[in-house]
Amino acid sequence: MPTYIVLPIIALLAIALAKVEAISAFGLSALPLAIVFGMLYGHFSLRVEDERDQQFSTFCKQKLLRVGIVLFGFGLSFQQIIAVGWQAVAIDLVVITTVFSVGTFVGIKVLKLHRDVAILTAAGSAICGAAAILATESVLKPKQEHITIAIATVVLFGTLAMFSYPFIYQWVDMTDQSFGIYIGSTAHEVAQAVAAGQSINGETMQTAVVVKLIRVMMLAPFILMLSAGLNRIANRAYNGVSKSAKREKSVITIPWFVFGFMATAMINSIVILPEVLKVAFSFASQFSLAMAMAALGAQTQWATIKAAGPKPLILALLLFIILIFGGFFLSSWLA
């Protein structure tokens with residue numbers, strides 16, 4: 001079957017399976033499932049992609065990805081920030097700043113990973129897993145294998161973290177709300193925050209989801225600051241070249257979809273949208289992002305991940321430890 005038929009089927013299958021209780025209990029959202037199914041299709045399909053297939057895959061990975069992130073904003077509101085208090089916002093800020101800074105420094109300087117792998121892995125761990133990696137891709141323009149490696153490691157340790165929270169809860173003296181803040185500020189994926197919070201109780205789950213969504217909202221300013229930071233680095237790197245070449249290299253990559261994401265979140269904050277419209281936007285967002293992940297997976301070979309070696313796993317493990325232990329002490333102190 002041609003790609004423009006297979007990818008929508010994979011996306012719909014991933015969304016449907018993510019709603020199955022036995023699967024959602026593992027914190028597996030539609031996005032990781034879509035990339036796995038995409039990889040299976042890419043490995044076992046005997047079809048040779050023609051130009052039309054490649055164009056459709058590129059459309060999914062670029063255009064549909066951005067549409068999905070913009071529509072995702074309709075699931076967020078600024079009122080959610082007010083509900084959990086300034087402590088949750090402060091903790092999210094510290095977590096994002098620390099995890100991303102340590103991840104990029106250790107990944108590039110210590111482990112000698114490719115810059116893009118280090119930045120993508122750090123962004124995914126710091127903010128919102130696969131969605132953050134895909135959004136960061138718009139600024140970095142990395143190779144496809146770098147994206148896949150980052151997503152694979154973040155999904156692995158995000159799942160491990162999700163199973164750690166119920167065990168930790170038995171041994172600590174924290175209120176349900178404080179523990180919810182801890183989960184929301186350290187869980188990799190929204191689905192994992194839901195699953196982990198649900199394993200404790202309803203109040204913990206609600207707090208965890210709100211705090212996690214605040215981290216997701218911080219994706220927009222993060223992408224803008226990353227773009228500006230990479231632009232300054234490029235300017236320094238090309239300081240000695242001609243003025244015309246320098247001017248060409250100093251153009252800032254503006255991720256315009258980020259402004260769309262902020263706009264939809266603002267609309268959702270000031271306008272009471274009909275429930276049926278919210279459901280439609282949520283499905284459209286999930287479907288678009290799942291299509292992007294399926295396209296990414298279909299063009300990825302397992303040999304690429306294997307060839308990356310243990311270093312990406314070591315980096316993701318380090319960030320996992322920082323999130324679990326550092327996030328716990330931070331939440332205990334501020335929350």
# chains A, B, ... in the order shown; residues from 1 in each chain; ligands from 1
>>> residues_around(residues="region 83-88 of chain A", least_positions_apart="6", cutoff="8 Å", atoms="only C-alpha atoms", output="VMD selection string")
chain A and resid 181 185 207 210 to 211 334 to 335
>>> residues_around(residues="Ile183 (chain A)", least_positions_apart="2", cutoff="10 Å", atoms="only C-alpha atoms", output="ChimeraX atom specification")
/A:161-162,165,177-181,185-188,192-194,196-197,204-205,207-209,211-212,323-324,327-328,331
>>> select_by_dssp(residues="region 50-273 of chain A", states="alpha helix (DSSP H)", output="PyMOL selection string")
chain A and resi 51-59+65-72+79-84+86-105+115-126+129-140+144-169+176-186+190-198+202-217+219-237+243-249+256-270
>>> closest_residue(among="A:Phe59, A:Phe78, A:Tyr41, A:Phe72", to="Val271 (chain A)", atoms="only C-alpha atoms")
A:Phe78
>>> residues_around(residues="Ala284 (chain A)", least_positions_apart="2", cutoff="12 Å", atoms="only C-alpha atoms", output="PyMOL selection string")
chain A and resi 8+11-12+15+64-75+277-282+286-291
>>> atom_distance(atom1="CA of Pro32 (chain A)", atom2="CA of Leu318 (chain A)")
21.2 Å
>>> closest_residue(among="A:Val110, A:Val95, A:Met218, A:Met225", to="Phe325 (chain A)", atoms="only C-alpha atoms")
A:Val95
>>> residues_around(residues="Ala25 (chain A)", least_positions_apart="3", cutoff="12 Å", atoms="only C-alpha atoms", output="list of chain:residue names")
A:Leu17, A:Ala18, A:Lys19, A:Val20, A:Glu21, A:Ala22, A:Leu28, A:Ser29, A:Thr159, A:Met162, A:Phe163, A:Ala191, A:Gln192, A:Ala193, A:Val194, A:Ala195, A:Ala196, A:Gly197, A:Gln198, A:Ser199
>>> write_last_selection(atoms="all heavy atoms", output="CSV table (one decimal), in the first residue's frame")
chain,number,residue,atom,x,y,z
A,17,LEU,N,-5.2,2.3,20.3
A,17,LEU,CA,-4.5,1.4,21.3
A,17,LEU,C,-4.1,2.2,22.6
A,17,LEU,O,-4.1,1.7,23.7
A,17,LEU,CB,-3.3,0.8,20.7
A,17,LEU,CG,-3.5,-0.3,19.7
A,17,LEU,CD1,-2.2,-0.8,19.1
A,17,LEU,CD2,-4.3,-1.5,20.3
A,18,ALA,N,-3.8,3.5,22.4
A,18,ALA,CA,-3.4,4.3,23.6
A,18,ALA,C,-4.6,4.5,24.5
A,18,ALA,O,-4.4,4.8,25.7
A,18,ALA,CB,-2.9,5.7,23.1
A,19,LYS,N,-5.8,4.3,24.0
A,19,LYS,CA,-7.0,4.4,24.9
A,19,LYS,C,-7.4,3.1,25.6
A,19,LYS,O,-8.3,3.1,26.4
A,19,LYS,CB,-8.2,4.9,24.0
A,19,LYS,CG,-8.0,6.3,23.5
A,19,LYS,CD,-9.2,6.8,22.7
A,19,LYS,CE,-8.9,8.2,22.1
A,19,LYS,NZ,-8.7,9.2,23.1
A,20,VAL,N,-6.7,2.0,25.2
A,20,VAL,CA,-7.0,0.7,25.8
A,20,VAL,C,-6.4,0.8,27.2
A,20,VAL,O,-5.2,1.1,27.4
A,20,VAL,CB,-6.4,-0.4,25.0
A,20,VAL,CG1,-6.5,-1.8,25.8
A,20,VAL,CG2,-7.0,-0.5,23.6
A,21,GLU,N,-7.2,0.4,28.2
A,21,GLU,CA,-6.7,0.6,29.6
A,21,GLU,C,-5.4,-0.2,29.9
A,21,GLU,O,-4.6,0.3,30.6
A,21,GLU,CB,-7.8,0.1,30.6
A,21,GLU,CG,-7.6,0.4,32.0
A,21,GLU,CD,-8.7,0.0,32.9
A,21,GLU,OE1,-9.9,-0.2,32.4
A,21,GLU,OE2,-8.6,0.0,34.1
A,22,ALA,N,-5.3,-1.4,29.4
A,22,ALA,CA,-4.1,-2.2,29.7
A,22,ALA,C,-2.9,-1.6,29.1
A,22,ALA,O,-1.8,-1.8,29.7
A,22,ALA,CB,-4.3,-3.6,29.1
A,28,LEU,N,1.9,4.6,27.9
A,28,LEU,CA,2.2,4.7,26.5
A,28,LEU,C,1.2,5.5,25.8
A,28,LEU,O,0.0,5.1,25.7
A,28,LEU,CB,2.3,3.3,25.9
A,28,LEU,CG,3.4,2.4,26.3
A,28,LEU,CD1,3.3,1.0,25.8
A,28,LEU,CD2,4.8,3.0,25.9
A,29,SER,N,1.6,6.6,25.3
A,29,SER,CA,0.7,7.5,24.5
A,29,SER,C,0.7,7.1,23.0
A,29,SER,O,1.5,6.2,22.6
A,29,SER,CB,1.1,9.0,24.7
A,29,SER,OG,2.3,9.2,24.1
A,159,THR,N,9.3,5.8,30.7
A,159,THR,CA,8.5,4.7,31.1
A,159,THR,C,9.0,4.1,32.5
A,159,THR,O,8.3,3.8,33.4
A,159,THR,CB,8.5,3.5,30.1
A,159,THR,OG1,8.1,4.0,28.8
A,159,THR,CG2,7.6,2.4,30.5
A,162,MET,N,7.9,6.4,35.3
A,162,MET,CA,6.5,6.3,35.6
A,162,MET,C,6.3,5.1,36.6
A,162,MET,O,5.5,5.3,37.5
A,162,MET,CB,5.7,6.0,34.3
A,162,MET,CG,4.2,5.9,34.5
A,162,MET,SD,3.5,5.2,33.0
A,162,MET,CE,4.2,3.6,33.1
A,163,PHE,N,7.0,4.0,36.4
A,163,PHE,CA,6.8,2.9,37.3
A,163,PHE,C,7.5,3.2,38.7
A,163,PHE,O,7.3,2.4,39.7
A,163,PHE,CB,7.4,1.6,36.7
A,163,PHE,CG,6.5,1.1,35.6
A,163,PHE,CD1,6.9,1.1,34.3
A,163,PHE,CD2,5.2,0.6,35.9
A,163,PHE,CE1,6.1,0.6,33.3
A,163,PHE,CE2,4.4,0.1,35.0
A,163,PHE,CZ,4.8,0.0,33.6
A,191,ALA,N,1.1,11.5,29.2
A,191,ALA,CA,0.4,10.2,29.4
A,191,ALA,C,1.0,9.5,30.6
A,191,ALA,O,0.4,8.9,31.4
A,191,ALA,CB,0.5,9.3,28.2
A,192,GLN,N,2.4,9.7,30.8
A,192,GLN,CA,3.0,9.0,31.9
A,192,GLN,C,2.7,9.8,33.2
A,192,GLN,O,2.6,9.1,34.3
A,192,GLN,CB,4.6,9.1,31.7
A,192,GLN,CG,5.0,8.1,30.6
A,192,GLN,CD,6.4,8.4,30.0
A,192,GLN,OE1,7.0,9.4,30.4
A,192,GLN,NE2,6.8,7.6,29.1
A,193,ALA,N,2.5,11.1,33.2
A,193,ALA,CA,2.0,11.8,34.4
A,193,ALA,C,0.6,11.4,34.8
A,193,ALA,O,0.4,11.2,36.0
A,193,ALA,CB,2.1,13.3,34.1
A,194,VAL,N,-0.2,11.1,33.8
A,194,VAL,CA,-1.6,10.7,34.1
A,194,VAL,C,-1.5,9.3,34.7
A,194,VAL,O,-2.2,9.1,35.8
A,194,VAL,CB,-2.4,10.6,32.8
A,194,VAL,CG1,-3.8,10.0,33.1
A,194,VAL,CG2,-2.6,12.0,32.2
A,195,ALA,N,-0.8,8.4,34.1
A,195,ALA,CA,-0.7,7.0,34.6
A,195,ALA,C,-0.1,6.9,36.0
A,195,ALA,O,-0.6,6.2,36.9
A,195,ALA,CB,0.1,6.1,33.7
A,196,ALA,N,1.0,7.7,36.2
A,196,ALA,CA,1.6,7.7,37.6
A,196,ALA,C,0.7,8.3,38.6
A,196,ALA,O,0.6,7.7,39.7
A,196,ALA,CB,3.0,8.4,37.5
A,197,GLY,N,0.1,9.4,38.3
A,197,GLY,CA,-0.8,10.1,39.3
A,197,GLY,C,-2.0,9.2,39.6
A,197,GLY,O,-2.4,9.1,40.8
A,198,GLN,N,-2.5,8.6,38.6
A,198,GLN,CA,-3.7,7.7,38.8
A,198,GLN,C,-3.4,6.5,39.7
A,198,GLN,O,-4.3,6.1,40.4
A,198,GLN,CB,-4.2,7.2,37.4
A,198,GLN,CG,-5.6,6.8,37.4
A,198,GLN,CD,-6.1,6.5,35.9
A,198,GLN,OE1,-5.3,5.9,35.1
A,198,GLN,NE2,-7.3,7.0,35.6
A,199,SER,N,-2.2,6.1,39.7
A,199,SER,CA,-1.8,4.9,40.5
A,199,SER,C,-1.8,5.3,42.0
A,199,SER,O,-1.7,4.4,42.9
A,199,SER,CB,-0.4,4.4,40.1
A,199,SER,OG,0.6,5.3,40.4
>>> residues_around(residues="Ala34 (chain A)", least_positions_apart="2", cutoff="6 Å", atoms="only C-alpha atoms", output="ChimeraX atom specification")
/A:11,14,30-32,36-38,290,293-294
>>> atom_distance(atom1="CA of Met174 (chain A)", atom2="CA of Asp92 (chain A)")
18.1 Å
>>> atom_distance(atom1="CA of Thr121 (chain A)", atom2="CA of Pro166 (chain A)")
25.0 Å
